[in-house]
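What follows is a set of notes on a single structure, which appears directly below.
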Amino acid sequence: MTTESDGVPRILLRYSLTDEEVRAYFRASAARQQHAVFWPKLSWMAYLGAFPVGLFGASLAIAFGIDPHAFGGLVAALVGLGYICGYYITLMVAQRFRKRLAAALDHPERHEEKAVEITQNGFSQAGSSYQTTFSWNLVQALTSYDTILVLWTSVMSGLIVPRRVLTPNEETSLLALAAHHIGAKA
């Protein structure tokens with residue numbers, strides 16, 4: 001239901017998410033995390049961080065009088081050990097993520113009805129046990145999918161709006177509001 005007061009569109013929605021909409025959101029969130037700016041920065045940090053570690057290791061080798069050839073073998077052994085540890089840490093993190101994802105999919109509040117209000121100032125969402133409000137300057141992007149629209153408030157989370165609950169006018173108003181407020185950030 002869309003109302004207008006003083007020429008500013010206001011969109012009021014009540015809905016509960018279907019299983020397919022939640023799965024679409026999790027797919028979108030995973031894809032967004034993989035393409036986030038954070039990962040290239042992290043890889044550069046790791047790459048450039050190797051230089052100070054190497055210099056520190058070389059200075060230790062000189063300080064303790066370690067043969068340079070033995071030092072190369074030590075570095076190779078430590079790199080191999082780091083690779084093995086990183087592999088098992090990645091497996092443990094993936095298992096924890098799967099458990100958290102399964103818990104989120106089984107959460108009882110996932111199917112409860114939500115009330116969402118989208119205005120010129122931002123949006124709010126309320127359920128039986130919570131209420132959140134975001135201003136437009138906290139919204140990073142709006143992504144459109146076949147069944148949902150997502151207003152991203154961080155790399156991993158955002159407001160899910162099912163397209164099935166929006167009339168064509170409401171969807172147009174929402175996209176116009178997002179384009180106006182998000183602008184170059186999207």
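Ordered as shown in the structure tokens, chains take letters A, B, and onward, while each chain numbers its residues from 1 and ligands are numbered from 1 in the order shown.
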Hey, what's within 10 Å of stretch 71-86 of chain A if we count only C-alpha atoms and toss same-chain stuff fewer than 4 positions away? As an MDAnalysis selection string, please? chainID A and resid 54 57:58 60:62 65:67 90:92
Next, write the just-selected residues to a file, as a compact mmCIF listing (two decimals), in the first residue's frame, keeping C-alpha atoms as the atom set.
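Output below, filename selection_34.txt:
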```txt
# COMPACT_ATOMS: atom_id res chain seq x y z
CA GLY A 54 60.87 -12.17 5.30
CA GLY A 57 63.27 -13.87 9.37
CA ALA A 58 66.45 -12.83 7.58
CA LEU A 60 66.84 -13.49 12.90
CA ALA A 61 68.94 -15.78 10.74
CA ILE A 62 71.79 -13.28 10.76
CA GLY A 65 74.18 -17.23 12.75
CA ILE A 66 71.99 -19.60 10.73
CA ASP A 67 73.44 -20.78 7.43
CA THR A 90 39.39 -22.95 5.95
CA LEU A 91 37.61 -26.30 6.35
CA MET A 92 36.69 -25.48 9.97
```
Find the residues around A:Tyr15 up to 7 Å (only C-alpha atoms counted), leave out those fewer than 5 positions away in its own chain, and share them as a list in words. Glu113, Lys114 and Ala115 of chain A
Those selected residues, please, written with N, CA and C atoms and delivered as an mmCIF file, in the first residue's frame.
```
data_model
loop_
_atom_site.group_PDB
_atom_site.id
_atom_site.type_symbol
_atom_site.label_atom_id
_atom_site.label_comp_id
_atom_site.auth_asym_id
_atom_site.auth_seq_id
_atom_site.Cartn_x
_atom_site.Cartn_y
_atom_site.Cartn_z
ATOM 1 N N GLU A 113 5.456 -12.607 10.032
ATOM 2 C CA GLU A 113 5.097 -11.467 9.192
ATOM 3 C C GLU A 113 5.885 -10.230 9.621
ATOM 4 N N LYS A 114 6.370 -9.496 8.647
ATOM 5 C CA LYS A 114 7.125 -8.271 8.879
ATOM 6 C C LYS A 114 6.322 -7.088 8.357
ATOM 7 N N ALA A 115 6.476 -5.974 9.022
ATOM 8 C CA ALA A 115 5.890 -4.724 8.542
ATOM 9 C C ALA A 115 7.050 -3.827 8.127
#
```
According to DSSP computed on the backbone, where in stretch 60-178 of chain A is there strand (DSSP E or B)? Give the residues as a list in words. Lys114, Ala115, Val116, Glu117, Ile118, Gly122, Phe123, Ser124, Gln125, Ala126, Gln131, Thr132, Thr133, Phe134, Ser135, Ala141, Leu142, Thr143, Ser144, Ile148, Leu149, Val150, Leu151, Trp152, Gly158, Leu159, Ile160, Val161 and Pro162 of chain A
Counting only C-alpha atoms, the option among A:Ile182, A:Ala102, A:Val150, A:Leu175 closest to A:Ser135: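 Ranking A:Ile182, A:Ala102, A:Val150, A:Leu175 by distance to A:Ser135, first place goes to A:Ile182.
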Step one, run DSSP on the backbone; step two, keep only residues of stretch 54-138 of chain A assigned to alpha helix (DSSP H); then write them as a VMD selection string. chain A and resid 54 to 64 68 to 105
Keeping only N, CA and C atoms, write the selected residues to a file as a short mmCIF file (atom, residue, chain, number, x, y, z; two decimals), in the first residue's frame.
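Saved result, selection_19.cif, follows:
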```
data_model
loop_
_atom_site.label_atom_id
_atom_site.label_comp_id
_atom_site.auth_asym_id
_atom_site.auth_seq_id
_atom_site.Cartn_x
_atom_site.Cartn_y
_atom_site.Cartn_z
N GLY A 54 59.61 -11.68 5.86
CA GLY A 54 60.87 -12.17 5.30
C GLY A 54 62.07 -11.42 5.84
N LEU A 55 61.95 -10.09 5.94
CA LEU A 55 63.05 -9.30 6.49
C LEU A 55 63.30 -9.64 7.96
N PHE A 56 62.23 -9.86 8.70
CA PHE A 56 62.36 -10.24 10.11
C PHE A 56 63.05 -11.60 10.21
N GLY A 57 62.64 -12.54 9.35
CA GLY A 57 63.27 -13.87 9.37
C GLY A 57 64.74 -13.80 8.99
N ALA A 58 65.05 -12.97 7.99
CA ALA A 58 66.45 -12.83 7.58
C ALA A 58 67.28 -12.22 8.70
N SER A 59 66.73 -11.22 9.38
CA SER A 59 67.48 -10.61 10.48
C SER A 59 67.66 -11.59 11.63
N LEU A 60 66.68 -12.44 11.88
CA LEU A 60 66.84 -13.49 12.90
C LEU A 60 67.92 -14.48 12.50
N ALA A 61 67.93 -14.84 11.21
CA ALA A 61 68.94 -15.78 10.74
C ALA A 61 70.33 -15.20 10.91
N ILE A 62 70.49 -13.93 10.60
CA ILE A 62 71.79 -13.28 10.76
C ILE A 62 72.15 -13.19 12.24
N ALA A 63 71.17 -12.82 13.08
CA ALA A 63 71.43 -12.67 14.51
C ALA A 63 71.84 -13.99 15.16
N PHE A 64 71.25 -15.09 14.75
CA PHE A 64 71.55 -16.38 15.36
C PHE A 64 72.59 -17.18 14.58
N PRO A 68 72.62 -19.49 5.45
CA PRO A 68 71.58 -19.04 4.51
C PRO A 68 70.89 -20.19 3.79
N HIS A 69 71.60 -21.26 3.48
CA HIS A 69 70.98 -22.40 2.81
C HIS A 69 70.01 -23.10 3.75
N ALA A 70 70.38 -23.20 5.00
CA ALA A 70 69.48 -23.81 5.99
C ALA A 70 68.27 -22.91 6.22
N PHE A 71 68.51 -21.60 6.13
CA PHE A 71 67.40 -20.66 6.30
C PHE A 71 66.37 -20.84 5.19
N GLY A 72 66.83 -21.07 3.96
CA GLY A 72 65.90 -21.32 2.85
C GLY A 72 65.05 -22.55 3.09
N GLY A 73 65.66 -23.60 3.62
CA GLY A 73 64.92 -24.81 3.95
C GLY A 73 63.92 -24.57 5.05
N LEU A 74 64.31 -23.76 6.03
CA LEU A 74 63.41 -23.42 7.14
C LEU A 74 62.20 -22.63 6.62
N VAL A 75 62.45 -21.68 5.74
CA VAL A 75 61.36 -20.89 5.16
C VAL A 75 60.42 -21.80 4.37
N ALA A 76 60.98 -22.70 3.57
CA ALA A 76 60.15 -23.62 2.79
C ALA A 76 59.29 -24.50 3.71
N ALA A 77 59.87 -24.96 4.80
CA ALA A 77 59.11 -25.79 5.74
C ALA A 77 58.00 -24.99 6.40
N LEU A 78 58.29 -23.75 6.77
CA LEU A 78 57.27 -22.92 7.40
C LEU A 78 56.15 -22.56 6.42
N VAL A 79 56.48 -22.31 5.16
CA VAL A 79 55.45 -22.03 4.15
C VAL A 79 54.55 -23.25 3.98
N GLY A 80 55.15 -24.44 3.91
CA GLY A 80 54.36 -25.67 3.80
C GLY A 80 53.47 -25.88 5.01
N LEU A 81 54.00 -25.63 6.19
CA LEU A 81 53.21 -25.75 7.42
C LEU A 81 52.07 -24.73 7.43
N GLY A 82 52.35 -23.51 6.98
CA GLY A 82 51.31 -22.48 6.91
C GLY A 82 50.21 -22.85 5.94
N TYR A 83 50.58 -23.47 4.83
CA TYR A 83 49.59 -23.90 3.84
C TYR A 83 48.68 -24.97 4.44
N ILE A 84 49.28 -25.95 5.11
CA ILE A 84 48.49 -27.02 5.71
C ILE A 84 47.56 -26.46 6.78
N CYS A 85 48.06 -25.58 7.64
CA CYS A 85 47.22 -24.97 8.68
C CYS A 85 46.10 -24.15 8.05
N GLY A 86 46.42 -23.37 7.03
CA GLY A 86 45.40 -22.57 6.36
C GLY A 86 44.31 -23.42 5.74
N TYR A 87 44.68 -24.55 5.17
CA TYR A 87 43.71 -25.46 4.57
C TYR A 87 42.73 -25.97 5.62
N TYR A 88 43.25 -26.44 6.76
CA TYR A 88 42.36 -26.97 7.79
C TYR A 88 41.54 -25.88 8.48
N ILE A 89 42.10 -24.69 8.61
CA ILE A 89 41.33 -23.58 9.17
C ILE A 89 40.19 -23.21 8.23
N THR A 90 40.45 -23.22 6.92
CA THR A 90 39.39 -22.95 5.95
C THR A 90 38.28 -23.98 6.04
N LEU A 91 38.63 -25.25 6.19
CA LEU A 91 37.61 -26.30 6.35
C LEU A 91 36.78 -26.08 7.61
N MET A 92 37.42 -25.70 8.71
CA MET A 92 36.69 -25.48 9.97
C MET A 92 35.75 -24.29 9.85
N VAL A 93 36.22 -23.23 9.21
CA VAL A 93 35.37 -22.05 9.03
C VAL A 93 34.19 -22.38 8.13
N ALA A 94 34.41 -23.17 7.08
CA ALA A 94 33.32 -23.56 6.19
C ALA A 94 32.28 -24.40 6.93
N GLN A 95 32.72 -25.29 7.80
CA GLN A 95 31.78 -26.10 8.58
C GLN A 95 30.96 -25.21 9.52
N ARG A 96 31.60 -24.26 10.16
CA ARG A 96 30.87 -23.34 11.04
C ARG A 96 29.88 -22.52 10.24
N PHE A 97 30.26 -22.07 9.03
CA PHE A 97 29.35 -21.29 8.20
C PHE A 97 28.14 -22.12 7.81
N ARG A 98 28.36 -23.39 7.43
CA ARG A 98 27.23 -24.26 7.08
C ARG A 98 26.28 -24.43 8.25
N LYS A 99 26.83 -24.60 9.46
CA LYS A 99 25.97 -24.75 10.64
C LYS A 99 25.18 -23.48 10.92
N ARG A 100 25.83 -22.32 10.78
CA ARG A 100 25.14 -21.05 10.99
C ARG A 100 24.06 -20.82 9.94
N LEU A 101 24.36 -21.19 8.70
CA LEU A 101 23.38 -21.05 7.63
C LEU A 101 22.18 -21.95 7.88
N ALA A 102 22.42 -23.20 8.30
CA ALA A 102 21.32 -24.12 8.60
C ALA A 102 20.48 -23.58 9.76
N ALA A 103 21.14 -23.01 10.78
CA ALA A 103 20.40 -22.44 11.91
C ALA A 103 19.57 -21.24 11.46
N ALA A 104 20.11 -20.43 10.56
CA ALA A 104 19.36 -19.27 10.08
C ALA A 104 18.15 -19.71 9.26
N LEU A 105 18.32 -20.77 8.48
CA LEU A 105 17.20 -21.26 7.67
C LEU A 105 16.10 -21.86 8.53
#
```
Between A:Trp136, A:Phe51, A:Tyr145, A:Trp152, which one has atoms that come closest to A:Arg23, using only C-alpha atoms?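 Closest candidate: A:Tyr145.
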